[in-house]
Amino acid sequence: MGGEETVSRMPQLRLDELLEELQARIDAARGTRDRVHHLLEAVLSVGRELDLTQALRRIVEAAAALVDAQYAALGVIGPDGRTLSQFLTVGLTDEEIAEIGPFPTGKGILGELIQHPEPLRLTDLSTHPSSYGFPAHHPPMRTFLGVPVRVRDQVFGNLYLTDKRGGAEFDAEDEAVISTLAVAAGVAIDNARLYEEGKRQQGWLRANGEITRALLSGSPRLDVIGLIAQRAREMTGAEVADVSVPLPGAHHLRVELALGGDASARLGLTVPAEGTLSGAACAAASPVTTTDLNGDPRFTAGPPRFEGLGPAVAVPLGIAAGEVKGVLLLARPAGGQAFTDEEIGPLLGFADQAALALELGDRRRDAEQLALLEDRDRIARDLHDLAIQRLFATGMTLQSAARFIQHPGANDRVGRAVEDLDETIKIIRSTIFGLRAREEETGHSLRARVARAVGEAQSTLGFAPRLSMEGLLDTDVPPSVAEHVMAVLNEALSNAARHSRAGRVEVILQATTKEVALTVTDNGVGIPAEGRRSGLRNIAKRAEELGGKLDLQRPDEGGTRLVWTAPRGRP
């Protein structure tokens with residue numbers, strides 16, 4: 001009986017085993033079906049996102065969910081092909097990320113996938129030869145799965161997943177799922193980049209049209225340059241945008257326009273061409289880039305002014321006859337994305353428009369100078385043909401009449417009047433000589449140099465200073481004194497632009513029979529008691545060398561009045 005019961009129980013056991021195996025297969029099939037369904041959902045979710053940053057975020061989130069990983073990351077490979085320029089994580093809180101410190105740049109296991117872009121699966125990543133541990137405050141990680149993401153056969157980045165939940169290891173099926181997601185991710189990234197490129201091109205076209213209209217409407221040169229810098233800053237997502245122009249006869253650049261950041265501290269600065277990013281672009285007559293503007297050892301000249309800035313590009317503007325007329329500098333915050341060739345290309349188109357603006361500005365200035373010279377010639381002709389002849393005739397009449405005047409006092413007064421007329425005629429003739437000076441001489445005369453310096457100060461001050469000139473500046477002021485006058489004027493205007501926060505500046509230059517006096521008045525905050533005075537000491541020293549003096553005054557209405565005087569005849 002016992003043997004019969006055993007034999008009868010055998011088929012039942014086999015049936016139970018078959019039923020259990022069938023149930024397991026059904027569960028596996030259901031799990032596979034669910035996983036495929038989740039994979040399809042992930043592919044669709046990633047594919048419908050057109051914003052690149054959001055697309056990358058969805059990719060890494062979908063990867064973590066598909067293989068049940070506790071931690072996931074997507075590293076974007078930088079332009080050099082060796083390091084990571086962007087790193088997006090899932091599974092770490094903001095507090096944990098802050099404690100760990102800077103994101104990885106592509107060393108260790110992460111760099112292994114960069115050098116060998118093939119799927120990598122590890123049961124314990126610490127045993128891999130490329131592993132060299134984690135930074136402080138980094139959570140421990142054991143299992144690892146890495147898969148490259150390709151866009152048009154080019155490796156865009158890598159998906160990194162660690163610590164499968166429940167303590168399990170990543171298997172071949174997990175690798176296949178993430179590899180499939182990586183293919184879909186490559187397509188989604190390509191679509192997002194194409195969409196962003198289309199939007200960017202549309203933005204550049206709008207900006208180009210706006211600038212072209214400004215050029216054709218005859219807008220002032222500085223307004224057009226400012227528009228170019230502002231649109232370039234907006235289109236590239238730059239934090240700051242500066243336009244610098246090379247100074248004639250010196251290896252220096254002056255910041256003519258500053259946008260973003262501490263613009264007031266940079267505006268009007270004069271910096272060496274050598275040792276600056278703008279200077280390098282000016283010397284090379286081609287764009288120059290850096291990934292760390294504040295810390296790049298190649299560009300340390302000038303005062304500190306780029307704190308917190310990282311990737312930057314300098315693009316030359318207005319190249320003519322091998323000379324650069326200006327440089328556009330764009331910089332992003334530290335840690336931002338480096339400037340790519342795709343971004344620099346449209347900037348070169350902007351540079352061409354800036355060149356046109358600079359050229360038009362020069363042509364308008366030449367036309368204004370020509371009109372001024374023609375007007376001066378007319379005035380000189382009228383003075384010679386009308387005023388001098390009548391004054392001379394009047395003097396001759398008085399001289400003839402003096403013979404008939406018997407009263408000694410009246411005779412002396414007529415004589416002095418004739419002498420005054422002679423002196424007036426000399427002054428008018430000197431003025432005519434100055435008005436009729438050749439154009440090239442006029443451009444280097446003291447009056448022209450002062451007018452040009454005051455006009456150029458408008459870009460740094462934000463408004464046009466008032467200018468008044470009196471006396472025979474071009475004929476009676478020696479060149480050596482004129483050089484000191486220009487140096488003092490430039491320093492005074494620079495101080496007013498950088499420190500005074502004034503809304504009005506007035507410049508008065510006078511030449512008397514004994515001295516030259518330069519007065520610069522502003523309505524700003526005045527000179528602080530503890531402020532730097534190196535510039536003022538230099539101004540005072542120049543006056544002392546000529547036997548003159550410097551007088552600093554505070555007007556009743558506030559601000560600062562600088563009065564610099566020097567004897568006219570001292571060399």
# chains A, B, ... in the order shown; residues from 1 in each chain; ligands from 1
$ residues_around --residues "A:Ala214" --least-positions-apart "5" --cutoff "9 Å" --atoms "only C-alpha atoms" --output "list in words"
Gly209, Ser219, Pro220, Asp223, Val224 and Leu227 of chain A
$ write_last_selection --atoms "all heavy atoms" --output "short mmCIF file (atom, residue, chain, number, x, y, z; two decimals), in the first residue's frame"
data_model
loop_
_atom_site.label_atom_id
_atom_site.label_comp_id
_atom_site.auth_asym_id
_atom_site.auth_seq_id
_atom_site.Cartn_x
_atom_site.Cartn_y
_atom_site.Cartn_z
N GLY A 209 18.48 92.51 -37.90
CA GLY A 209 17.57 93.48 -38.49
C GLY A 209 17.46 94.75 -37.66
O GLY A 209 17.44 95.86 -38.21
N SER A 219 21.77 106.44 -36.26
CA SER A 219 21.93 106.49 -34.80
C SER A 219 23.40 106.74 -34.44
O SER A 219 24.30 106.34 -35.19
CB SER A 219 21.47 105.17 -34.18
OG SER A 219 20.10 104.95 -34.41
N PRO A 220 23.65 107.39 -33.32
CA PRO A 220 25.04 107.65 -32.91
C PRO A 220 25.83 106.35 -32.79
O PRO A 220 25.28 105.29 -32.47
CB PRO A 220 24.89 108.34 -31.55
CG PRO A 220 23.52 108.95 -31.58
CD PRO A 220 22.68 108.02 -32.40
N ASP A 223 25.52 104.39 -29.55
CA ASP A 223 24.22 103.72 -29.39
C ASP A 223 24.19 102.41 -30.16
O ASP A 223 23.66 101.39 -29.66
CB ASP A 223 23.11 104.64 -29.88
CG ASP A 223 22.88 105.83 -28.97
OD1 ASP A 223 23.50 105.85 -27.89
OD2 ASP A 223 22.13 106.75 -29.33
N VAL A 224 24.74 102.40 -31.36
CA VAL A 224 24.76 101.16 -32.17
C VAL A 224 25.66 100.12 -31.52
O VAL A 224 25.31 98.94 -31.42
CB VAL A 224 25.22 101.47 -33.61
CG1 VAL A 224 25.28 100.18 -34.42
CG2 VAL A 224 24.26 102.45 -34.26
N LEU A 227 23.88 98.67 -28.62
CA LEU A 227 22.84 97.73 -29.05
C LEU A 227 23.44 96.39 -29.43
O LEU A 227 22.91 95.32 -29.08
CB LEU A 227 22.06 98.33 -30.22
CG LEU A 227 20.92 97.48 -30.80
CD1 LEU A 227 19.86 97.22 -29.75
CD2 LEU A 227 20.31 98.17 -32.02
#
$ residues_around --residues "stretch 456-473 of chain A" --least-positions-apart "6" --cutoff "7 Å" --atoms "only C-alpha atoms" --output "PyMOL selection string"
chain A and resi 256-257+267-268+446-447+493+497+504-512
$ write_last_selection --atoms "all heavy atoms" --output "CSV table (one decimal), in the first residue's frame"
chain,number,residue,atom,x,y,z
A,256,GLU,N,35.1,101.3,-23.3
A,256,GLU,CA,34.2,102.4,-23.7
A,256,GLU,C,32.7,102.1,-23.4
A,256,GLU,O,31.9,103.0,-23.2
A,256,GLU,CB,34.3,102.5,-25.2
A,256,GLU,CG,33.6,103.7,-25.8
A,256,GLU,CD,33.8,103.9,-27.3
A,256,GLU,OE1,33.6,102.9,-28.0
A,256,GLU,OE2,34.1,105.0,-27.8
A,257,LEU,N,32.4,100.8,-23.2
A,257,LEU,CA,31.0,100.4,-22.9
A,257,LEU,C,31.0,99.2,-22.0
A,257,LEU,O,31.8,98.2,-22.2
A,257,LEU,CB,30.2,100.1,-24.2
A,257,LEU,CG,28.8,99.6,-24.0
A,257,LEU,CD1,27.9,100.8,-23.7
A,257,LEU,CD2,28.3,98.9,-25.3
A,267,LEU,N,33.7,100.6,-16.5
A,267,LEU,CA,33.5,101.6,-17.5
A,267,LEU,C,34.6,102.7,-17.3
A,267,LEU,O,34.8,103.2,-16.3
A,267,LEU,CB,32.1,102.3,-17.4
A,267,LEU,CG,31.8,103.3,-18.4
A,267,LEU,CD1,31.7,102.6,-19.8
A,267,LEU,CD2,30.4,104.0,-18.1
A,268,GLY,N,35.3,103.0,-18.4
A,268,GLY,CA,36.3,104.0,-18.4
A,268,GLY,C,37.7,103.5,-18.0
A,268,GLY,O,38.7,104.3,-18.1
A,446,LEU,N,45.6,122.2,-29.6
A,446,LEU,CA,45.1,122.0,-28.3
A,446,LEU,C,43.6,122.1,-28.2
A,446,LEU,O,43.0,121.3,-27.5
A,446,LEU,CB,45.8,123.1,-27.4
A,446,LEU,CG,45.4,123.0,-25.9
A,446,LEU,CD1,45.7,121.6,-25.3
A,446,LEU,CD2,46.1,124.1,-25.1
A,447,ARG,N,43.0,123.1,-28.9
A,447,ARG,CA,41.6,123.2,-28.9
A,447,ARG,C,40.9,121.9,-29.4
A,447,ARG,O,40.0,121.4,-28.8
A,447,ARG,CB,41.1,124.3,-29.8
A,447,ARG,CG,41.3,125.7,-29.2
A,447,ARG,CD,40.8,126.8,-30.2
A,447,ARG,NE,40.8,128.1,-29.6
A,447,ARG,CZ,39.9,128.7,-28.9
A,447,ARG,NH1,38.7,128.0,-28.7
A,447,ARG,NH2,40.0,129.9,-28.3
A,493,LEU,N,38.6,114.0,-16.0
A,493,LEU,CA,37.4,113.4,-16.6
A,493,LEU,C,37.3,111.9,-16.2
A,493,LEU,O,36.2,111.4,-15.9
A,493,LEU,CB,37.5,113.5,-18.1
A,493,LEU,CG,37.3,114.9,-18.7
A,493,LEU,CD1,37.5,114.9,-20.2
A,493,LEU,CD2,35.9,115.5,-18.3
A,497,ALA,N,34.2,110.3,-14.0
A,497,ALA,CA,33.4,109.1,-14.5
A,497,ALA,C,33.4,108.0,-13.5
A,497,ALA,O,32.4,107.3,-13.3
A,497,ALA,CB,33.9,108.7,-15.9
A,504,ARG,N,26.4,116.1,-14.0
A,504,ARG,CA,26.8,117.2,-14.8
A,504,ARG,C,28.3,117.5,-14.6
A,504,ARG,O,28.8,117.4,-13.5
A,504,ARG,CB,26.0,118.5,-14.4
A,504,ARG,CG,26.4,119.7,-15.2
A,504,ARG,CD,25.5,120.9,-14.8
A,504,ARG,NE,25.5,121.1,-13.3
A,504,ARG,CZ,26.5,121.8,-12.6
A,504,ARG,NH1,27.5,122.3,-13.3
A,504,ARG,NH2,26.4,122.0,-11.3
A,505,VAL,N,29.0,117.7,-15.7
A,505,VAL,CA,30.4,118.0,-15.7
A,505,VAL,C,30.7,119.2,-16.6
A,505,VAL,O,30.2,119.2,-17.7
A,505,VAL,CB,31.3,116.8,-16.1
A,505,VAL,CG1,32.8,117.2,-16.2
A,505,VAL,CG2,31.2,115.7,-15.1
A,506,GLU,N,31.4,120.2,-16.1
A,506,GLU,CA,31.7,121.4,-16.9
A,506,GLU,C,33.3,121.5,-17.0
A,506,GLU,O,33.9,121.5,-16.0
A,506,GLU,CB,31.1,122.6,-16.3
A,506,GLU,CG,31.3,123.9,-17.2
A,506,GLU,CD,30.6,125.1,-16.6
A,506,GLU,OE1,30.0,125.0,-15.5
A,506,GLU,OE2,30.6,126.1,-17.2
A,507,VAL,N,33.8,121.8,-18.2
A,507,VAL,CA,35.2,122.0,-18.4
A,507,VAL,C,35.4,123.4,-19.0
A,507,VAL,O,34.8,123.8,-20.0
A,507,VAL,CB,35.8,120.9,-19.4
A,507,VAL,CG1,37.2,121.2,-19.7
A,507,VAL,CG2,35.6,119.5,-18.8
A,508,ILE,N,36.3,124.1,-18.4
A,508,ILE,CA,36.6,125.5,-18.8
A,508,ILE,C,38.2,125.5,-19.0
A,508,ILE,O,38.9,125.3,-18.0
A,508,ILE,CB,36.2,126.6,-17.8
A,508,ILE,CG1,34.6,126.5,-17.6
A,508,ILE,CG2,36.6,127.9,-18.3
A,508,ILE,CD1,34.1,127.5,-16.6
A,509,LEU,N,38.6,125.9,-20.2
A,509,LEU,CA,40.0,126.1,-20.4
A,509,LEU,C,40.3,127.5,-20.9
A,509,LEU,O,39.7,128.0,-21.9
A,509,LEU,CB,40.5,125.1,-21.5
A,509,LEU,CG,42.0,125.2,-21.9
A,509,LEU,CD1,42.9,124.9,-20.7
A,509,LEU,CD2,42.3,124.2,-23.0
A,510,GLN,N,41.2,128.2,-20.2
A,510,GLN,CA,41.4,129.6,-20.5
A,510,GLN,C,42.9,129.8,-20.7
A,510,GLN,O,43.7,129.3,-19.9
A,510,GLN,CB,40.9,130.5,-19.3
A,510,GLN,CG,39.4,130.4,-19.1
A,510,GLN,CD,39.0,131.1,-17.8
A,510,GLN,OE1,39.5,130.8,-16.7
A,510,GLN,NE2,38.1,132.1,-17.9
A,511,ALA,N,43.3,130.7,-21.6
A,511,ALA,CA,44.6,131.1,-21.8
A,511,ALA,C,44.7,132.6,-21.7
A,511,ALA,O,44.1,133.3,-22.6
A,511,ALA,CB,45.2,130.6,-23.1
A,512,THR,N,45.3,133.2,-20.7
A,512,THR,CA,45.5,134.6,-20.5
A,512,THR,C,46.9,135.0,-21.0
A,512,THR,O,47.7,134.1,-21.4
A,512,THR,CB,45.2,135.0,-19.1
A,512,THR,OG1,46.3,134.5,-18.2
A,512,THR,CG2,43.9,134.5,-18.6
$ residues_around --residues "stretch 157-159 of chain A" --least-positions-apart "6" --cutoff "6 Å" --atoms "only C-alpha atoms" --output "list in words"
Ala73, Leu74, Gly75, Val76, Ile77, Gly146, Val147, Pro148 and Val149 of chain A
$ write_last_selection --atoms "all heavy atoms" --output "PDB file, in the first residue's frame"
ATOM      1  N   ALA A  73      23.187  59.694 -12.918  1.00  0.00           N
ATOM      2  CA  ALA A  73      23.768  60.964 -13.370  1.00  0.00           C
ATOM      3  C   ALA A  73      23.985  60.911 -14.871  1.00  0.00           C
ATOM      4  O   ALA A  73      24.134  59.836 -15.464  1.00  0.00           O
ATOM      5  CB  ALA A  73      25.085  61.245 -12.649  1.00  0.00           C
ATOM      6  N   LEU A  74      24.000  62.086 -15.484  1.00  0.00           N
ATOM      7  CA  LEU A  74      24.322  62.230 -16.905  1.00  0.00           C
ATOM      8  C   LEU A  74      25.449  63.245 -17.008  1.00  0.00           C
ATOM      9  O   LEU A  74      25.301  64.400 -16.605  1.00  0.00           O
ATOM     10  CB  LEU A  74      23.101  62.710 -17.698  1.00  0.00           C
ATOM     11  CG  LEU A  74      23.346  63.047 -19.170  1.00  0.00           C
ATOM     12  CD1 LEU A  74      23.842  61.822 -19.920  1.00  0.00           C
ATOM     13  CD2 LEU A  74      22.075  63.585 -19.821  1.00  0.00           C
ATOM     14  N   GLY A  75      26.577  62.777 -17.513  1.00  0.00           N
ATOM     15  CA  GLY A  75      27.720  63.667 -17.706  1.00  0.00           C
ATOM     16  C   GLY A  75      27.864  64.053 -19.160  1.00  0.00           C
ATOM     17  O   GLY A  75      27.938  63.176 -20.030  1.00  0.00           O
ATOM     18  N   VAL A  76      27.885  65.360 -19.432  1.00  0.00           N
ATOM     19  CA  VAL A  76      28.035  65.861 -20.799  1.00  0.00           C
ATOM     20  C   VAL A  76      29.513  66.130 -21.049  1.00  0.00           C
ATOM     21  O   VAL A  76      30.159  66.854 -20.278  1.00  0.00           O
ATOM     22  CB  VAL A  76      27.211  67.140 -21.014  1.00  0.00           C
ATOM     23  CG1 VAL A  76      27.397  67.654 -22.433  1.00  0.00           C
ATOM     24  CG2 VAL A  76      25.745  66.874 -20.722  1.00  0.00           C
ATOM     25  N   ILE A  77      30.055  65.565 -22.109  1.00  0.00           N
ATOM     26  CA  ILE A  77      31.474  65.703 -22.415  1.00  0.00           C
ATOM     27  C   ILE A  77      31.723  67.082 -23.024  1.00  0.00           C
ATOM     28  O   ILE A  77      30.989  67.542 -23.903  1.00  0.00           O
ATOM     29  CB  ILE A  77      31.929  64.595 -23.375  1.00  0.00           C
ATOM     30  CG1 ILE A  77      31.725  63.230 -22.715  1.00  0.00           C
ATOM     31  CG2 ILE A  77      33.397  64.764 -23.753  1.00  0.00           C
ATOM     32  CD1 ILE A  77      32.059  62.065 -23.610  1.00  0.00           C
ATOM     33  N   GLY A 146      27.253  51.866 -16.544  1.00  0.00           N
ATOM     34  CA  GLY A 146      27.509  53.056 -17.349  1.00  0.00           C
ATOM     35  C   GLY A 146      27.280  52.772 -18.823  1.00  0.00           C
ATOM     36  O   GLY A 146      27.709  51.737 -19.328  1.00  0.00           O
ATOM     37  N   VAL A 147      26.615  53.726 -19.510  1.00  0.00           N
ATOM     38  CA  VAL A 147      26.287  53.557 -20.927  1.00  0.00           C
ATOM     39  C   VAL A 147      26.517  54.890 -21.637  1.00  0.00           C
ATOM     40  O   VAL A 147      26.042  55.932 -21.164  1.00  0.00           O
ATOM     41  CB  VAL A 147      24.825  53.101 -21.115  1.00  0.00           C
ATOM     42  CG1 VAL A 147      24.473  53.036 -22.604  1.00  0.00           C
ATOM     43  CG2 VAL A 147      24.586  51.750 -20.464  1.00  0.00           C
ATOM     44  N   PRO A 148      27.236  54.883 -22.772  1.00  0.00           N
ATOM     45  CA  PRO A 148      27.437  56.138 -23.504  1.00  0.00           C
ATOM     46  C   PRO A 148      26.172  56.564 -24.252  1.00  0.00           C
ATOM     47  O   PRO A 148      25.371  55.736 -24.669  1.00  0.00           O
ATOM     48  CB  PRO A 148      28.563  55.798 -24.479  1.00  0.00           C
ATOM     49  CG  PRO A 148      28.462  54.322 -24.677  1.00  0.00           C
ATOM     50  CD  PRO A 148      27.960  53.754 -23.377  1.00  0.00           C
ATOM     51  N   VAL A 149      26.018  57.877 -24.418  1.00  0.00           N
ATOM     52  CA  VAL A 149      24.915  58.449 -25.187  1.00  0.00           C
ATOM     53  C   VAL A 149      25.521  59.108 -26.421  1.00  0.00           C
ATOM     54  O   VAL A 149      26.352  60.016 -26.308  1.00  0.00           O
ATOM     55  CB  VAL A 149      24.131  59.482 -24.359  1.00  0.00           C
ATOM     56  CG1 VAL A 149      23.034  60.112 -25.207  1.00  0.00           C
ATOM     57  CG2 VAL A 149      23.531  58.831 -23.121  1.00  0.00           C
TER      58      VAL A 149
END
$ atom_distance --atom1 "atom CA of A:Ala72" --atom2 "atom CA of A:Ala338"
24.2 Å
$ residues_around --residues "A:Thr290" --least-positions-apart "2" --cutoff "8 Å" --atoms "only C-alpha atoms" --output "VMD selection string"
chain A and resid 288 292 to 293 296 310 to 313 338
$ write_last_selection --atoms "N, CA and C atoms" --output "compact mmCIF listing (two decimals), in the first residue's frame"
# COMPACT_ATOMS: atom_id res chain seq x y z
N VAL A 288 39.25 85.01 -29.26
CA VAL A 288 40.04 84.29 -28.27
C VAL A 288 39.11 83.90 -27.13
N ASP A 292 37.97 80.17 -17.92
CA ASP A 292 37.98 80.77 -16.57
C ASP A 292 38.62 82.14 -16.67
N LEU A 293 37.79 83.15 -16.94
CA LEU A 293 38.30 84.51 -17.13
C LEU A 293 38.94 85.05 -15.86
N ASP A 296 42.32 82.60 -15.21
CA ASP A 296 43.25 82.23 -16.28
C ASP A 296 44.57 82.96 -16.08
N GLY A 310 33.53 83.04 -15.45
CA GLY A 310 34.24 81.86 -15.94
C GLY A 310 34.45 81.89 -17.43
N PRO A 311 33.66 81.13 -18.20
CA PRO A 311 33.85 81.08 -19.66
C PRO A 311 33.67 82.46 -20.29
N ALA A 312 34.56 82.79 -21.22
CA ALA A 312 34.51 84.11 -21.86
C ALA A 312 35.06 84.02 -23.27
N VAL A 313 34.65 84.98 -24.10
CA VAL A 313 35.17 85.10 -25.47
C VAL A 313 35.34 86.58 -25.78
N ALA A 338 31.11 76.58 -21.68
CA ALA A 338 32.10 77.28 -22.48
C ALA A 338 31.48 77.72 -23.81
$ closest_residue --among "A:Ser179, A:Thr397, A:Ser445, A:Asn523" --to "A:His499" --atoms "only C-alpha atoms"
A:Asn523
$ residues_around --residues "A:Gly535" --least-positions-apart "6" --cutoff "10 Å" --atoms "only C-alpha atoms" --output "MDAnalysis selection string"
chainID A and resid 488 491:492 494:495 541
$ write_last_selection --atoms "N, CA and C atoms" --output "short mmCIF file (atom, residue, chain, number, x, y, z; two decimals), in the first residue's frame"
data_model
loop_
_atom_site.label_atom_id
_atom_site.label_comp_id
_atom_site.auth_asym_id
_atom_site.auth_seq_id
_atom_site.Cartn_x
_atom_site.Cartn_y
_atom_site.Cartn_z
N VAL A 488 46.20 116.28 -17.55
CA VAL A 488 45.37 116.66 -16.40
C VAL A 488 43.89 116.54 -16.75
N GLU A 491 42.81 112.83 -16.81
CA GLU A 491 42.74 112.29 -15.45
C GLU A 491 41.52 112.83 -14.71
N ALA A 492 41.23 114.12 -14.88
CA ALA A 492 40.07 114.71 -14.20
C ALA A 492 38.76 114.11 -14.71
N SER A 494 38.39 111.17 -16.15
CA SER A 494 38.33 109.77 -15.71
C SER A 494 37.89 109.66 -14.26
N ASN A 495 38.41 110.52 -13.39
CA ASN A 495 38.00 110.52 -11.98
C ASN A 495 36.51 110.84 -11.84
N LYS A 541 51.62 117.36 -9.08
CA LYS A 541 53.04 117.33 -9.43
C LYS A 541 53.28 117.99 -10.78
#
$ closest_residue --among "A:Thr162, A:Thr236, A:Phe156, A:Gly91" --to "A:Leu125" --atoms "only C-alpha atoms"
A:Thr162
$ residues_around --residues "A:Gly308" --least-positions-apart "6" --cutoff "7 Å" --atoms "only C-alpha atoms" --output "list in words"
Asn294, Pro333 and Ala334 of chain A
$ write_last_selection --atoms "N, CA and C atoms" --output "mmCIF file, in the first residue's frame"
data_model
loop_
_atom_site.group_PDB
_atom_site.id
_atom_site.type_symbol
_atom_site.label_atom_id
_atom_site.label_comp_id
_atom_site.auth_asym_id
_atom_site.auth_seq_id
_atom_site.Cartn_x
_atom_site.Cartn_y
_atom_site.Cartn_z
ATOM 1 N N ASN A 294 38.366 84.733 -14.717
ATOM 2 C CA ASN A 294 38.875 85.275 -13.455
ATOM 3 C C ASN A 294 40.172 84.595 -13.024
ATOM 4 N N PRO A 333 28.920 83.349 -15.986
ATOM 5 C CA PRO A 333 29.308 83.068 -14.596
ATOM 6 C C PRO A 333 30.210 81.838 -14.516
ATOM 7 N N ALA A 334 31.011 81.778 -13.464
ATOM 8 C CA ALA A 334 31.894 80.630 -13.252
ATOM 9 C C ALA A 334 31.068 79.348 -13.187
#
$ closest_residue --among "A:Asn538, A:Gln230, A:Ser278, A:Thr93" --to "A:Leu253" --atoms "only C-alpha atoms"
A:Ser278
